[in-house]
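K.L.:
Below is one structure. I have some questions about it.
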Amino acid sequence: MDPFCLVGDRVVVHSGEAGQAAVETVAVLPWVAAVLLVAWQFAVAGDARSSAAVAARAAARAVAVGDNPADAARERLPRRFRSGLRVREGAHGAVSVSVRVPAVAGVLRLGRVTAEAGLGADG
């Protein structure tokens, strides 16, 4: 193919790279998707940590008034974290709440996040 073409009174140069941008875009899209998935997974892990902290405070309050800390923690957790809930009572009203971090994609096991709370002697 001749790189020069006469169109009307103009000379047009063909570089042979007509579809190069489209090919590069298609090649980059999986990487962009992977970066977005990783970023979203970090957001989900942060949400799990924050939710565990809220549930731990609720469980500590329940211990202080004689209620069931596991029930109190479960009520405060969003549904997506309830299935992996673990509540442990410690000394002096301290409570540890642990939840599983759900995977954004696939069936990965991403571990757990734990939060602790307790009401001191001055309540």
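To be explicit about the labels: the chains of the structure tokens are called A, B, and onward in the order shown, and within each one the residues are counted from 1, while ligands get numbers from 1 in the order they are shown.
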Show me, as number ranges by chain, the residues that have an atom within 10 Å of segment 47-58 of chain A when counting only C-alpha atoms, minus same-chain residues fewer than 6 positions from it.
P.N.:
A: 41, 64, 69-78, 80-81, 85-88, 94-102, 112-119
K.L.:
Which residues in chain A does DSSP call helix (DSSP H, G or I)? List them as JSON, numbers by chain.
P.N.:
{"A": [20, 21, 22, 23, 24, 25, 26, 27, 28, 29, 30, 31, 32, 33, 34, 35, 36, 37, 38, 39, 40, 41, 42, 43, 44, 45, 46, 47, 48, 49, 50, 51, 52, 53, 54, 55, 56, 57, 58, 59, 60, 61, 62, 63, 64, 65, 69, 70, 71, 72, 73, 74, 75, 76, 79, 80, 81, 82, 91, 92, 93]}
K.L.:
Rounded to one decimal place, report the atom CA of Ala62 of chain A-atom CA of Gly93 of chain A distance in Å.
P.N.:
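Pair atom CA of Ala62 of chain A / atom CA of Gly93 of chain A returns 9.3 Å.
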K.L.:
By how many Å are atom CA of Val35 of chain A and atom CA of Gln20 of chain A apart?
P.N.:
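One can read the atom CA of Val35 of chain A to atom CA of Gln20 of chain A distance as 23.1 Å.
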K.L.:
Pick from A:Ala91, A:Ala60, A:Ala43, A:Gly66: nearest to Ala103 of chain A, with only C-alpha atoms counted?
P.N.:
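For Ala103 of chain A, the nearest of the candidates is A:Ala43.
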K.L.:
In terms of the shortest atom-to-atom distance over only C-alpha atoms, which of A:Ala34, A:Ala59, A:Val28, A:Leu110 is closest to Gly84 of chain A?
P.N.:
A:Leu110
K.L.:
Can you list, as a list of chain:residue names, all residues belonging to chain A that DSSP tags as strand (DSSP E or B)?
P.N.:
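Matching residues, listed in order: A:Phe4, A:Cys5, A:Leu6, A:Val7, A:Arg10, A:Val11, A:Val12, A:Val13, A:Arg86, A:Val87, A:Arg88, A:Glu89, A:Val95, A:Ser96, A:Val97, A:Ser98, A:Val99, A:Arg100, A:Arg112, A:Val113, A:Thr114, A:Ala115, A:Glu116, A:Ala117.
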K.L.:
Please, what distance in Å, to one decimal, runs between atom CA of Asp67 of chain A and atom CA of Arg82 of chain A?
P.N.:
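Going from atom CA of Asp67 of chain A over to atom CA of Arg82 of chain A, I get 18.6 Å.
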K.L.:
Neighbouring residues of Ala105 of chain A were defined as those with any atom within 10 Å, considering only C-alpha atoms; residues of the same chain fewer than 5 positions away were excluded. Please report them as a PDB file with C-alpha atoms, in the first residue's frame.
P.N.:
```pdb
ATOM      1  CA  LEU A  37     -11.401  -4.897  41.508  1.00  0.00           C
ATOM      2  CA  VAL A  38      -8.437  -4.580  43.866  1.00  0.00           C
ATOM      3  CA  TRP A  40     -13.060  -2.254  45.514  1.00  0.00           C
ATOM      4  CA  GLN A  41     -11.726  -5.180  47.579  1.00  0.00           C
TER       5      GLN A  41
END
```
